[in-house]
Each structure stands twice: as structure tokens, then as C-alpha cells.
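Reproduced below: entry.txt, with compact mmCIF, N, CA and C atoms and all ligand atoms.
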```
# COMPACT_ATOMS: atom_id res chain seq x y z
N MET A 1 10.98 56.34 -23.67
CA MET A 1 10.13 56.47 -22.48
C MET A 1 9.77 55.08 -21.97
N ASN A 2 9.81 54.87 -20.67
CA ASN A 2 9.57 53.50 -20.18
C ASN A 2 8.12 53.08 -20.38
N GLY A 3 7.93 51.73 -20.47
CA GLY A 3 6.67 51.15 -20.93
C GLY A 3 5.41 51.50 -20.16
N LEU A 4 4.66 52.43 -20.67
CA LEU A 4 3.37 52.78 -20.08
C LEU A 4 2.33 52.42 -21.15
N THR A 5 1.44 51.47 -20.82
CA THR A 5 0.47 51.06 -21.82
C THR A 5 -0.50 52.20 -22.13
N ILE A 6 -1.13 52.10 -23.28
CA ILE A 6 -2.12 53.11 -23.68
C ILE A 6 -3.24 53.15 -22.65
N GLU A 7 -3.59 51.97 -22.12
CA GLU A 7 -4.68 51.88 -21.13
C GLU A 7 -4.30 52.61 -19.85
N LEU A 8 -3.07 52.40 -19.40
CA LEU A 8 -2.63 53.06 -18.17
C LEU A 8 -2.56 54.57 -18.35
N LYS A 9 -2.05 54.96 -19.51
CA LYS A 9 -1.96 56.39 -19.83
C LYS A 9 -3.35 57.02 -19.78
N GLN A 10 -4.29 56.32 -20.39
CA GLN A 10 -5.68 56.81 -20.43
C GLN A 10 -6.27 56.87 -19.02
N ALA A 11 -5.97 55.84 -18.22
CA ALA A 11 -6.50 55.80 -16.85
C ALA A 11 -5.95 56.98 -16.03
N LEU A 12 -4.68 57.31 -16.23
CA LEU A 12 -4.09 58.43 -15.50
C LEU A 12 -4.72 59.75 -15.93
N ILE A 13 -4.92 59.90 -17.23
CA ILE A 13 -5.54 61.13 -17.73
C ILE A 13 -6.97 61.24 -17.20
N ASP A 14 -7.69 60.14 -17.20
CA ASP A 14 -9.08 60.15 -16.69
C ASP A 14 -9.11 60.57 -15.22
N GLN A 15 -8.20 60.00 -14.43
CA GLN A 15 -8.15 60.37 -13.00
C GLN A 15 -7.80 61.84 -12.83
N ALA A 16 -6.83 62.31 -13.61
CA ALA A 16 -6.44 63.72 -13.52
C ALA A 16 -7.61 64.63 -13.89
N ARG A 17 -8.39 64.23 -14.88
CA ARG A 17 -9.58 65.03 -15.26
C ARG A 17 -10.59 65.06 -14.13
N LEU A 18 -10.76 63.93 -13.44
CA LEU A 18 -11.68 63.87 -12.31
C LEU A 18 -11.24 64.84 -11.21
N TYR A 19 -9.94 64.80 -10.90
CA TYR A 19 -9.43 65.65 -9.81
C TYR A 19 -9.41 67.12 -10.23
N GLN A 20 -9.26 67.38 -11.52
CA GLN A 20 -9.30 68.78 -11.96
C GLN A 20 -10.64 69.41 -11.61
N LYS A 21 -11.69 68.61 -11.66
CA LYS A 21 -13.04 69.13 -11.36
C LYS A 21 -13.19 69.49 -9.88
N ARG A 22 -12.28 68.98 -9.05
CA ARG A 22 -12.36 69.24 -7.61
C ARG A 22 -11.52 70.43 -7.18
N ALA A 23 -10.95 71.13 -8.13
CA ALA A 23 -10.06 72.25 -7.79
C ALA A 23 -10.74 73.23 -6.83
N TYR A 24 -9.98 73.65 -5.82
CA TYR A 24 -10.42 74.75 -4.96
C TYR A 24 -9.60 75.96 -5.40
N ASN A 25 -10.16 76.72 -6.34
CA ASN A 25 -9.38 77.74 -7.04
C ASN A 25 -10.12 79.08 -7.13
N PRO A 26 -10.68 79.57 -6.01
CA PRO A 26 -11.50 80.79 -6.08
C PRO A 26 -10.71 82.04 -6.45
N TYR A 27 -9.39 81.99 -6.37
CA TYR A 27 -8.59 83.20 -6.64
C TYR A 27 -8.08 83.23 -8.07
N SER A 28 -7.50 82.12 -8.53
CA SER A 28 -6.96 82.11 -9.91
C SER A 28 -7.99 81.64 -10.92
N HIS A 29 -8.95 80.85 -10.48
CA HIS A 29 -9.90 80.19 -11.39
C HIS A 29 -9.21 79.27 -12.38
N TYR A 30 -7.99 78.89 -12.11
CA TYR A 30 -7.26 77.96 -12.97
C TYR A 30 -7.30 76.59 -12.28
N ALA A 31 -7.89 75.63 -12.96
CA ALA A 31 -8.10 74.31 -12.36
C ALA A 31 -7.06 73.32 -12.87
N VAL A 32 -6.44 72.63 -11.94
CA VAL A 32 -5.41 71.65 -12.29
C VAL A 32 -5.76 70.31 -11.63
N GLY A 33 -5.61 69.24 -12.38
CA GLY A 33 -5.76 67.89 -11.83
C GLY A 33 -4.50 67.11 -12.14
N ALA A 34 -4.08 66.30 -11.19
CA ALA A 34 -2.89 65.47 -11.42
C ALA A 34 -3.20 64.06 -10.95
N ALA A 35 -2.55 63.08 -11.59
CA ALA A 35 -2.66 61.70 -11.15
C ALA A 35 -1.28 61.05 -11.28
N VAL A 36 -0.86 60.42 -10.20
CA VAL A 36 0.44 59.74 -10.23
C VAL A 36 0.23 58.24 -10.07
N LEU A 37 1.03 57.50 -10.84
CA LEU A 37 1.02 56.04 -10.72
C LEU A 37 2.15 55.65 -9.79
N ALA A 38 1.81 54.94 -8.71
CA ALA A 38 2.83 54.51 -7.76
C ALA A 38 3.36 53.14 -8.15
N GLU A 39 4.47 52.77 -7.55
CA GLU A 39 5.15 51.51 -7.90
C GLU A 39 4.24 50.29 -7.68
N ASP A 40 3.38 50.37 -6.68
CA ASP A 40 2.51 49.22 -6.39
C ASP A 40 1.23 49.21 -7.24
N GLY A 41 1.14 50.12 -8.20
CA GLY A 41 0.00 50.13 -9.12
C GLY A 41 -1.13 51.05 -8.70
N GLN A 42 -1.03 51.56 -7.49
CA GLN A 42 -2.06 52.50 -7.03
C GLN A 42 -1.94 53.83 -7.78
N VAL A 43 -3.09 54.47 -7.98
CA VAL A 43 -3.09 55.80 -8.60
C VAL A 43 -3.59 56.80 -7.56
N TYR A 44 -2.83 57.88 -7.41
CA TYR A 44 -3.22 58.93 -6.46
C TYR A 44 -3.49 60.21 -7.24
N GLY A 45 -4.64 60.80 -6.97
CA GLY A 45 -5.00 62.05 -7.63
C GLY A 45 -4.78 63.22 -6.71
N GLY A 46 -4.68 64.40 -7.33
CA GLY A 46 -4.58 65.63 -6.55
C GLY A 46 -5.16 66.79 -7.34
N THR A 47 -5.64 67.78 -6.61
CA THR A 47 -6.15 68.99 -7.24
C THR A 47 -5.47 70.19 -6.61
N ASN A 48 -5.48 71.33 -7.31
CA ASN A 48 -4.88 72.51 -6.69
C ASN A 48 -5.82 73.08 -5.63
N ILE A 49 -5.23 73.44 -4.51
CA ILE A 49 -6.00 73.91 -3.36
C ILE A 49 -5.45 75.27 -2.95
N GLU A 50 -6.22 76.32 -3.25
CA GLU A 50 -5.76 77.67 -2.97
C GLU A 50 -6.16 78.10 -1.56
N ASN A 51 -5.67 79.27 -1.16
CA ASN A 51 -5.94 79.77 0.19
C ASN A 51 -5.99 81.30 0.14
N SER A 52 -6.81 81.88 1.01
CA SER A 52 -6.92 83.34 1.05
C SER A 52 -5.57 83.97 1.40
N ALA A 53 -4.74 83.26 2.14
CA ALA A 53 -3.33 83.66 2.32
C ALA A 53 -2.58 82.94 1.21
N TYR A 54 -2.43 83.59 0.07
CA TYR A 54 -2.07 82.91 -1.18
C TYR A 54 -0.96 81.86 -1.11
N PRO A 55 0.19 82.15 -0.47
CA PRO A 55 1.28 81.15 -0.51
C PRO A 55 0.96 79.85 0.25
N SER A 56 -0.13 79.86 1.01
CA SER A 56 -0.48 78.64 1.75
C SER A 56 -1.15 77.58 0.88
N GLY A 57 -1.51 77.93 -0.33
CA GLY A 57 -2.13 76.96 -1.24
C GLY A 57 -1.09 75.98 -1.77
N LEU A 58 -1.58 74.97 -2.47
CA LEU A 58 -0.65 73.97 -3.02
C LEU A 58 -1.11 73.51 -4.40
N CYS A 59 -0.13 73.22 -5.25
CA CYS A 59 -0.40 72.74 -6.61
C CYS A 59 -0.92 71.30 -6.58
N ALA A 60 -1.66 70.98 -7.64
CA ALA A 60 -2.25 69.64 -7.78
C ALA A 60 -1.20 68.53 -7.79
N GLU A 61 -0.10 68.77 -8.47
CA GLU A 61 0.94 67.73 -8.59
C GLU A 61 1.49 67.36 -7.22
N ARG A 62 1.76 68.40 -6.42
CA ARG A 62 2.34 68.11 -5.10
C ARG A 62 1.30 67.46 -4.18
N VAL A 63 0.05 67.83 -4.32
CA VAL A 63 -0.99 67.17 -3.52
C VAL A 63 -1.00 65.67 -3.86
N ALA A 64 -0.97 65.35 -5.15
CA ALA A 64 -1.01 63.94 -5.57
C ALA A 64 0.23 63.19 -5.07
N ILE A 65 1.40 63.79 -5.24
CA ILE A 65 2.64 63.12 -4.84
C ILE A 65 2.69 62.95 -3.32
N PHE A 66 2.30 63.97 -2.60
CA PHE A 66 2.35 63.88 -1.13
C PHE A 66 1.32 62.87 -0.62
N ARG A 67 0.23 62.73 -1.32
CA ARG A 67 -0.73 61.67 -0.95
C ARG A 67 -0.07 60.31 -1.11
N ALA A 68 0.59 60.09 -2.24
CA ALA A 68 1.24 58.80 -2.49
C ALA A 68 2.30 58.51 -1.43
N VAL A 69 3.14 59.49 -1.16
CA VAL A 69 4.23 59.29 -0.19
C VAL A 69 3.66 59.04 1.20
N SER A 70 2.59 59.73 1.54
CA SER A 70 1.96 59.55 2.85
C SER A 70 1.39 58.15 3.02
N GLU A 71 1.06 57.52 1.90
CA GLU A 71 0.55 56.14 1.96
C GLU A 71 1.68 55.12 1.82
N GLY A 72 2.91 55.59 1.85
CA GLY A 72 4.06 54.68 1.82
C GLY A 72 4.61 54.43 0.43
N ASN A 73 4.10 55.12 -0.58
CA ASN A 73 4.58 54.95 -1.95
C ASN A 73 5.58 56.04 -2.30
N ARG A 74 6.85 55.67 -2.28
CA ARG A 74 7.90 56.67 -2.51
C ARG A 74 8.45 56.64 -3.93
N LYS A 75 7.89 55.76 -4.76
CA LYS A 75 8.34 55.71 -6.16
C LYS A 75 7.18 56.03 -7.07
N ILE A 76 7.34 57.10 -7.86
CA ILE A 76 6.32 57.54 -8.79
C ILE A 76 6.72 57.06 -10.18
N LYS A 77 5.87 56.28 -10.83
CA LYS A 77 6.22 55.67 -12.12
C LYS A 77 5.73 56.48 -13.33
N ALA A 78 4.74 57.35 -13.12
CA ALA A 78 4.23 58.19 -14.21
C ALA A 78 3.35 59.26 -13.59
N ILE A 79 3.21 60.38 -14.33
CA ILE A 79 2.30 61.44 -13.88
C ILE A 79 1.55 62.01 -15.07
N ALA A 80 0.26 62.24 -14.88
CA ALA A 80 -0.54 62.96 -15.88
C ALA A 80 -1.07 64.22 -15.22
N ILE A 81 -1.07 65.31 -15.97
CA ILE A 81 -1.51 66.60 -15.46
C ILE A 81 -2.51 67.18 -16.46
N VAL A 82 -3.65 67.61 -15.94
CA VAL A 82 -4.71 68.15 -16.80
C VAL A 82 -5.03 69.59 -16.42
N THR A 83 -5.05 70.44 -17.42
CA THR A 83 -5.48 71.84 -17.25
C THR A 83 -6.32 72.19 -18.48
N CYS A 84 -6.88 73.40 -18.50
CA CYS A 84 -7.69 73.78 -19.67
C CYS A 84 -6.84 73.86 -20.94
N ASN A 85 -5.54 74.13 -20.76
CA ASN A 85 -4.70 74.41 -21.92
C ASN A 85 -3.45 73.52 -22.01
N GLY A 86 -3.43 72.43 -21.24
CA GLY A 86 -2.24 71.57 -21.26
C GLY A 86 -1.03 72.24 -20.63
N GLY A 87 -1.27 73.10 -19.65
CA GLY A 87 -0.20 73.88 -19.02
C GLY A 87 0.86 73.02 -18.35
N SER A 88 2.04 73.58 -18.24
CA SER A 88 3.20 72.87 -17.71
C SER A 88 3.28 72.93 -16.19
N PRO A 89 3.85 71.92 -15.55
CA PRO A 89 4.04 71.98 -14.10
C PRO A 89 5.06 73.04 -13.71
N CYS A 90 4.83 73.67 -12.57
CA CYS A 90 5.73 74.73 -12.10
C CYS A 90 7.06 74.12 -11.65
N GLY A 91 8.02 74.98 -11.45
CA GLY A 91 9.36 74.53 -11.06
C GLY A 91 9.37 73.78 -9.74
N ALA A 92 8.61 74.26 -8.78
CA ALA A 92 8.59 73.60 -7.47
C ALA A 92 8.03 72.18 -7.60
N CYS A 93 6.99 72.02 -8.41
CA CYS A 93 6.42 70.67 -8.60
C CYS A 93 7.40 69.76 -9.33
N ARG A 94 8.13 70.31 -10.28
CA ARG A 94 9.13 69.49 -10.99
C ARG A 94 10.18 68.97 -10.00
N GLN A 95 10.61 69.84 -9.10
CA GLN A 95 11.62 69.43 -8.14
C GLN A 95 11.08 68.37 -7.18
N VAL A 96 9.84 68.51 -6.77
CA VAL A 96 9.24 67.50 -5.88
C VAL A 96 9.08 66.17 -6.62
N MET A 97 8.65 66.22 -7.88
CA MET A 97 8.57 65.00 -8.71
C MET A 97 9.92 64.31 -8.76
N ARG A 98 10.95 65.12 -8.97
CA ARG A 98 12.32 64.62 -9.15
C ARG A 98 12.78 63.78 -7.96
N GLU A 99 12.31 64.15 -6.79
CA GLU A 99 12.69 63.44 -5.56
C GLU A 99 12.24 61.97 -5.59
N PHE A 100 11.11 61.73 -6.25
CA PHE A 100 10.47 60.41 -6.15
C PHE A 100 10.39 59.68 -7.50
N ALA A 101 11.03 60.23 -8.54
CA ALA A 101 10.88 59.69 -9.89
C ALA A 101 12.23 59.31 -10.50
N ALA A 102 12.21 58.36 -11.42
CA ALA A 102 13.40 58.06 -12.22
C ALA A 102 13.48 59.07 -13.37
N ALA A 103 14.68 59.17 -13.95
CA ALA A 103 14.91 60.15 -15.02
C ALA A 103 13.99 59.91 -16.21
N ASP A 104 13.65 58.63 -16.45
CA ASP A 104 12.83 58.32 -17.64
C ASP A 104 11.33 58.24 -17.32
N MET A 105 10.92 58.72 -16.16
CA MET A 105 9.48 58.67 -15.83
C MET A 105 8.65 59.48 -16.84
N PRO A 106 7.60 58.85 -17.38
CA PRO A 106 6.75 59.60 -18.32
C PRO A 106 5.98 60.73 -17.64
N VAL A 107 5.95 61.86 -18.31
CA VAL A 107 5.17 63.03 -17.87
C VAL A 107 4.21 63.38 -19.00
N ILE A 108 2.93 63.35 -18.70
CA ILE A 108 1.90 63.56 -19.74
C ILE A 108 1.11 64.81 -19.39
N LEU A 109 1.04 65.74 -20.33
CA LEU A 109 0.22 66.94 -20.13
C LEU A 109 -0.97 66.85 -21.07
N ALA A 110 -2.17 67.02 -20.51
CA ALA A 110 -3.38 66.91 -21.33
C ALA A 110 -4.29 68.10 -21.06
N ASN A 111 -5.20 68.34 -21.98
CA ASN A 111 -6.20 69.38 -21.73
C ASN A 111 -7.44 68.74 -21.10
N ASP A 112 -8.42 69.58 -20.77
CA ASP A 112 -9.54 69.03 -20.00
C ASP A 112 -10.51 68.21 -20.86
N GLU A 113 -10.20 68.10 -22.15
CA GLU A 113 -10.97 67.15 -22.97
C GLU A 113 -10.25 65.80 -23.05
N GLY A 114 -9.08 65.75 -22.44
CA GLY A 114 -8.32 64.50 -22.42
C GLY A 114 -7.34 64.37 -23.57
N ASP A 115 -7.20 65.42 -24.38
CA ASP A 115 -6.23 65.36 -25.48
C ASP A 115 -4.83 65.58 -24.92
N ILE A 116 -3.91 64.72 -25.34
CA ILE A 116 -2.52 64.90 -24.92
C ILE A 116 -1.92 66.07 -25.68
N ILE A 117 -1.37 67.03 -24.92
CA ILE A 117 -0.78 68.25 -25.51
C ILE A 117 0.73 68.13 -25.61
N PHE A 118 1.31 67.40 -24.65
CA PHE A 118 2.77 67.30 -24.60
C PHE A 118 3.14 66.07 -23.78
N GLU A 119 4.16 65.36 -24.24
CA GLU A 119 4.66 64.20 -23.48
C GLU A 119 6.16 64.32 -23.37
N SER A 120 6.65 64.04 -22.17
CA SER A 120 8.09 64.09 -21.97
C SER A 120 8.47 63.11 -20.87
N THR A 121 9.61 63.35 -20.30
CA THR A 121 10.08 62.53 -19.18
C THR A 121 10.52 63.47 -18.06
N MET A 122 10.80 62.86 -16.92
CA MET A 122 11.30 63.66 -15.78
C MET A 122 12.52 64.47 -16.20
N ASP A 123 13.49 63.77 -16.79
CA ASP A 123 14.72 64.46 -17.19
C ASP A 123 14.45 65.48 -18.31
N GLY A 124 13.46 65.18 -19.13
CA GLY A 124 13.12 66.11 -20.22
C GLY A 124 12.60 67.44 -19.71
N ILE A 125 11.85 67.40 -18.60
CA ILE A 125 11.28 68.66 -18.08
C ILE A 125 12.14 69.29 -16.98
N LEU A 126 13.14 68.53 -16.51
CA LEU A 126 14.04 69.10 -15.49
C LEU A 126 15.45 68.57 -15.71
N PRO A 127 16.10 69.04 -16.79
CA PRO A 127 17.43 68.52 -17.10
C PRO A 127 18.48 68.98 -16.10
N ARG A 128 19.53 68.17 -15.99
CA ARG A 128 20.67 68.49 -15.10
C ARG A 128 20.20 68.89 -13.70
N SER A 129 19.25 68.09 -13.20
CA SER A 129 18.60 68.45 -11.94
C SER A 129 19.43 68.06 -10.72
N PHE A 130 19.10 68.67 -9.63
CA PHE A 130 19.66 68.35 -8.32
C PHE A 130 18.76 67.31 -7.68
N GLY A 131 19.35 66.28 -7.08
CA GLY A 131 18.52 65.25 -6.45
C GLY A 131 19.20 64.63 -5.25
N PRO A 132 18.54 63.62 -4.67
CA PRO A 132 19.05 63.00 -3.45
C PRO A 132 20.50 62.49 -3.58
N GLU A 133 20.87 62.00 -4.78
CA GLU A 133 22.23 61.46 -4.97
C GLU A 133 23.29 62.53 -4.76
N ASP A 134 22.93 63.78 -5.03
CA ASP A 134 23.91 64.85 -4.88
C ASP A 134 24.33 65.05 -3.43
N LEU A 135 23.56 64.53 -2.51
CA LEU A 135 23.89 64.68 -1.09
C LEU A 135 24.67 63.49 -0.55
N GLU A 136 24.84 62.46 -1.43
CA GLU A 136 25.60 61.27 -1.01
C GLU A 136 27.07 61.49 -1.30
N ILE A 137 27.68 62.31 -0.49
CA ILE A 137 29.08 62.71 -0.74
C ILE A 137 30.03 61.69 -0.13
N1 LIG B 1 -0.93 75.22 -10.28
C1 LIG B 1 -0.85 73.87 -10.13
O1 LIG B 1 -1.72 73.24 -9.50
N2 LIG B 1 0.19 73.23 -10.69
C2 LIG B 1 1.20 73.84 -11.37
O2 LIG B 1 2.19 73.21 -11.68
C3 LIG B 1 1.07 75.25 -11.74
C4 LIG B 1 0.03 76.01 -11.00
C5 LIG B 1 -2.05 75.91 -9.64
C6 LIG B 1 -1.64 76.79 -8.48
C7 LIG B 1 -2.74 77.79 -8.45
O3 LIG B 1 -3.83 77.22 -7.71
C8 LIG B 1 -3.19 77.91 -9.90
O4 LIG B 1 -2.67 76.77 -10.55
C9 LIG B 1 -2.66 79.16 -10.58
O5 LIG B 1 -1.30 79.29 -10.43
```

Can the structure from this file be put into C-alpha cells for me?
Ligand code: THU
Amino acid sequence: MNGLTIELKQALIDQARLYQKRAYNPYSHYAVGAAVLAEDGQVYGGTNIENSAYPSGLCAERVAIFRAVSEGNRKIKAIAIVTCNGGSPCGACRQVMREFAAADMPVILANDEGDIIFESTMDGILPRSFGPEDLEI
């Protein structure tokens, strides 16, 4: 896994815990916080935002990534995701991560006490993935 210091890892988990508290989740009551480290060192957080028209809501990971990209940061160097149970990112979020991440990008799943439940990489959670290079025919 590429070099992510313990301090940076902790900072990402802390940010993800902060954003988890901001979840707008009146339907599922499942709170998710995400924090992505951008190439320029900025950290962008996101929370899950639900909607009474259910499919209009968005996952925390995509909120965080889209915030980073909207600010001009198209390279995601690491992501931490916090839920009550260290839950895994959904398939759609994995694919969106894949667009902006290297294969060895660290992916950290933690619970809401900050304990790391699982650590992997982009390629580890989405092997043999489809990405931008596949369209460079
Ligand atoms: N959720 C996320 O925020 N990220 C995921 O990767 C999985 C699911 C949210 C969506 C919805 O608000 C709630 O968790 C239950 O699915």
C-alpha cells in the first residue's frame, strides 16, 4: 500500500467521523462519513444525503469525491469511510473512486469509534475494473 503516514490515516478517519455526524439519513438511519485526501493535500469530507424520492439521495463517498473534483482535485490519494459497523462502500461508489484513484490507493474502513475494521486498496476492492484507459482505443 502506498505511503500513508499514521498521522494522515488518523486525520482522514477523524474527518470521516465528523462528516458521519452530519448524515441526512431520515429513511435508512444509517450514517456514513467519508474523507478523501486529494493530491494537493486537501481533505474533503462527505456525508450520505438521502431524499424522500429515494434514488435522488447520494452516498457519502461520492459526495466527498465530487466535492474534491469540483474544487479542481481530480486525483484521490486515499479514502477513509466511517459507519457504525465498518460497512463497505457500494459498487457505484467503488466505480466513482476508480475514476480518480490509482490501483494502489489506500481504502480504510473504520467504525464510529475510529477503530479500523478493514484496510485495502482500490484494486483490492474493485479488481479487474473498467476505467478511463479502457476507452483509449
Ligand atoms: N451509503 C453510503 O453513504 N455509502 C455506501 O457506500 C453505502 C450506502 C448510504 C446510502 C444511504 O443513505 C444509506 O447509506 C443506506 O443505504

- Message: Among chain A, which ones does DSSP assign to alpha helix (DSSP H) (computed from the backbone)? Answer as a PyMOL selection string.
- Response: chain A and resi 6-20+60-70+91-100+122-125

- Item | Long-range neighbours of Asn25 of chain A as a VMD selection string, 6 Å cut-off, all atoms listed in the file, 6 positions minimum in chain | chain A and resid 48 to 50

- Task: Write out as an MDAnalysis selection string which residues come within 8 Å of Lys75 of chain A when counting all atoms listed in the file, dropping same-chain ones fewer than 2 positions away.
- Result: chainID A and resid 36:40 68:69 72:73 77:78 99:102

- Which residue, A:Tyr24, A:Tyr19, A:Phe118, A:Tyr30, has the smallest gap to Gly45 of chain A when you use all atoms listed in the file? A:Tyr19

Per-residue nearest contacts of chain A to ligand LIG 1 (chain B) (8 Å; all atoms listed in the file) as a Markdown table:
```
| residue | atom | partner | partner_atom | distance |
| --- | --- | --- | --- | --- |
| A:Ala23 | CA | B:LIG1 | O3 | 8.0 |
| A:Tyr24 | C | B:LIG1 | O3 | 6.3 |
| A:Asn25 | CA | B:LIG1 | O3 | 5.6 |
| A:Pro26 | N | B:LIG1 | O3 | 7.4 |
| A:Tyr27 | C | B:LIG1 | C9 | 7.2 |
| A:Ser28 | CA | B:LIG1 | C9 | 5.3 |
| A:His29 | N | B:LIG1 | C8 | 6.5 |
| A:Tyr30 | C | B:LIG1 | C8 | 4.9 |
| A:Ala31 | N | B:LIG1 | O4 | 5.9 |
| A:Val32 | CA | B:LIG1 | O1 | 4.9 |
| A:Gly33 | N | B:LIG1 | O1 | 6.3 |
| A:Ala34 | N | B:LIG1 | O1 | 7.5 |
| A:Gly46 | C | B:LIG1 | O1 | 7.6 |
| A:Thr47 | C | B:LIG1 | O1 | 5.6 |
| A:Asn48 | CA | B:LIG1 | O1 | 4.3 |
| A:Ile49 | N | B:LIG1 | O3 | 5.1 |
| A:Glu50 | CA | B:LIG1 | O3 | 5.1 |
| A:Asn51 | N | B:LIG1 | O3 | 7.1 |
| A:Gly57 | C | B:LIG1 | O3 | 6.7 |
| A:Leu58 | C | B:LIG1 | O1 | 5.1 |
| A:Cys59 | CA | B:LIG1 | O1 | 3.2 |
| A:Ala60 | N | B:LIG1 | O1 | 2.9 |
| A:Glu61 | N | B:LIG1 | O1 | 4.9 |
| A:Arg62 | N | B:LIG1 | N2 | 6.6 |
| A:Val63 | N | B:LIG1 | O1 | 7.7 |
| A:Gly87 | C | B:LIG1 | O2 | 6.8 |
| A:Ser88 | C | B:LIG1 | O2 | 4.6 |
| A:Pro89 | CA | B:LIG1 | O2 | 3.3 |
| A:Cys90 | N | B:LIG1 | O2 | 2.8 |
| A:Gly91 | N | B:LIG1 | O2 | 6.1 |
| A:Ala92 | N | B:LIG1 | O2 | 7.1 |
| A:Cys93 | CA | B:LIG1 | O2 | 5.8 |
| A:Arg94 | N | B:LIG1 | O2 | 6.8 |
```

- Task: Could you jot down the atom CA of Ser120 of chain A to atom N of Leu8 of chain A separation for me, Å, one decimal place?
- Result: 16.4 Å

- Kindly indicate which residue among A:Val96, A:Leu12, A:Glu119, A:Glu113 lies nearest to Val43 of chain A, using only N, CA and C atoms for the distances.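 Checking each of A:Val96, A:Leu12, A:Glu119, A:Glu113 against Val43 of chain A, counting only N, CA and C atoms, the winner is A:Leu12.
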
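Every protein or nucleic acid residue with an atom no more than 8 Å from Ala11 of chain A, counting all atoms listed in the file and leaving out same-chain residues fewer than 6 positions away, appears here: Thr5, Arg17 and Ala35 of chain A.
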
Residues as selected, N, CA and C atoms, written as a CSV table (one decimal), in the frame of the given file, can you do that?
```
chain,number,residue,atom,x,y,z
A,5,THR,N,1.4,51.5,-20.8
A,5,THR,CA,0.5,51.1,-21.8
A,5,THR,C,-0.5,52.2,-22.1
A,17,ARG,N,-8.4,64.2,-14.9
A,17,ARG,CA,-9.6,65.0,-15.3
A,17,ARG,C,-10.6,65.1,-14.1
A,35,ALA,N,-2.6,63.1,-11.6
A,35,ALA,CA,-2.7,61.7,-11.2
A,35,ALA,C,-1.3,61.0,-11.3
```

- Near-Gly86 of chain A list (6 Å; only N, CA and C atoms; drop same-chain fewer than 6 positions) as a VMD selection string: chain A and resid 109 to 112 117

- Item | Among the residues A:Met97, A:Ala64, A:Ile116, A:Leu135, the one that comes closest to Cys84 of chain A [using only C-alpha atoms] | A:Ile116

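Distances here use only C-alpha atoms; by that measure, the residue among A:Ile13, A:Leu18, A:Ile79, A:Ile137 closest to Gly114 of chain A is A:Ile13.
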
- Query: With only C-alpha atoms as the basis for distance, which of A:Ala103, A:Ile76, A:Ile81, A:Ala16 is at the shortest distance from Gln42 of chain A?
  - Reply: A:Ile76

- Query: With distances taken over only C-alpha atoms, which of A:Pro106, A:Ile125, A:Ile65, A:Asn85 is nearest to Leu4 of chain A?
  - Reply: A:Pro106

- Based on DSSP run over this structure's backbone, return all residues of chain A in strand (DSSP E), as a count of residues only. 31

- Message: (14.7, 63.5, -15.6) in this file's frame - what residues fall within 6.5 Å of it? Use only N, CA and C atoms and give the answer as a ChimeraX atom specification.
- Response: /A:102-105,121-127

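We find atom C of Phe66 of chain A and atom C of Ser52 of chain A to be spaced 22.3 Å apart.
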
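Distance-wise, atom N of Gln15 of chain A and atom CA of Arg74 of chain A end up 20.3 Å apart.
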
Can segment 34-38 of chain A be brought up to all heavy atoms and written out as a PDB file, in the coordinates of the input?
```
ATOM      1  N   ALA A  34      -4.080  66.300 -11.190  1.00  0.00           N
ATOM      2  CA  ALA A  34      -2.890  65.470 -11.420  1.00  0.00           C
ATOM      3  C   ALA A  34      -3.200  64.060 -10.950  1.00  0.00           C
ATOM      4  O   ALA A  34      -4.014  63.846 -10.056  1.00  0.00           O
ATOM      5  CB  ALA A  34      -1.692  66.024 -10.655  1.00  0.00           C
ATOM      6  N   ALA A  35      -2.550  63.080 -11.590  1.00  0.00           N
ATOM      7  CA  ALA A  35      -2.660  61.700 -11.150  1.00  0.00           C
ATOM      8  C   ALA A  35      -1.280  61.050 -11.280  1.00  0.00           C
ATOM      9  O   ALA A  35      -0.638  61.174 -12.331  1.00  0.00           O
ATOM     10  CB  ALA A  35      -3.678  60.936 -11.986  1.00  0.00           C
ATOM     11  N   VAL A  36      -0.860  60.420 -10.200  1.00  0.00           N
ATOM     12  CA  VAL A  36       0.440  59.740 -10.230  1.00  0.00           C
ATOM     13  C   VAL A  36       0.230  58.240 -10.070  1.00  0.00           C
ATOM     14  O   VAL A  36      -0.626  57.794  -9.301  1.00  0.00           O
ATOM     15  CB  VAL A  36       1.417  60.263  -9.149  1.00  0.00           C
ATOM     16  CG1 VAL A  36       1.760  61.712  -9.378  1.00  0.00           C
ATOM     17  CG2 VAL A  36       0.890  60.047  -7.744  1.00  0.00           C
ATOM     18  N   LEU A  37       1.030  57.500 -10.840  1.00  0.00           N
ATOM     19  CA  LEU A  37       1.020  56.040 -10.720  1.00  0.00           C
ATOM     20  C   LEU A  37       2.150  55.650  -9.790  1.00  0.00           C
ATOM     21  O   LEU A  37       3.313  56.001 -10.023  1.00  0.00           O
ATOM     22  CB  LEU A  37       1.239  55.420 -12.114  1.00  0.00           C
ATOM     23  CG  LEU A  37       1.419  53.912 -12.163  1.00  0.00           C
ATOM     24  CD1 LEU A  37       0.131  53.190 -11.772  1.00  0.00           C
ATOM     25  CD2 LEU A  37       1.863  53.488 -13.578  1.00  0.00           C
ATOM     26  N   ALA A  38       1.810  54.940  -8.710  1.00  0.00           N
ATOM     27  CA  ALA A  38       2.830  54.510  -7.760  1.00  0.00           C
ATOM     28  C   ALA A  38       3.360  53.140  -8.150  1.00  0.00           C
ATOM     29  O   ALA A  38       2.767  52.439  -8.978  1.00  0.00           O
ATOM     30  CB  ALA A  38       2.232  54.480  -6.358  1.00  0.00           C
TER      31      ALA A  38
END
```
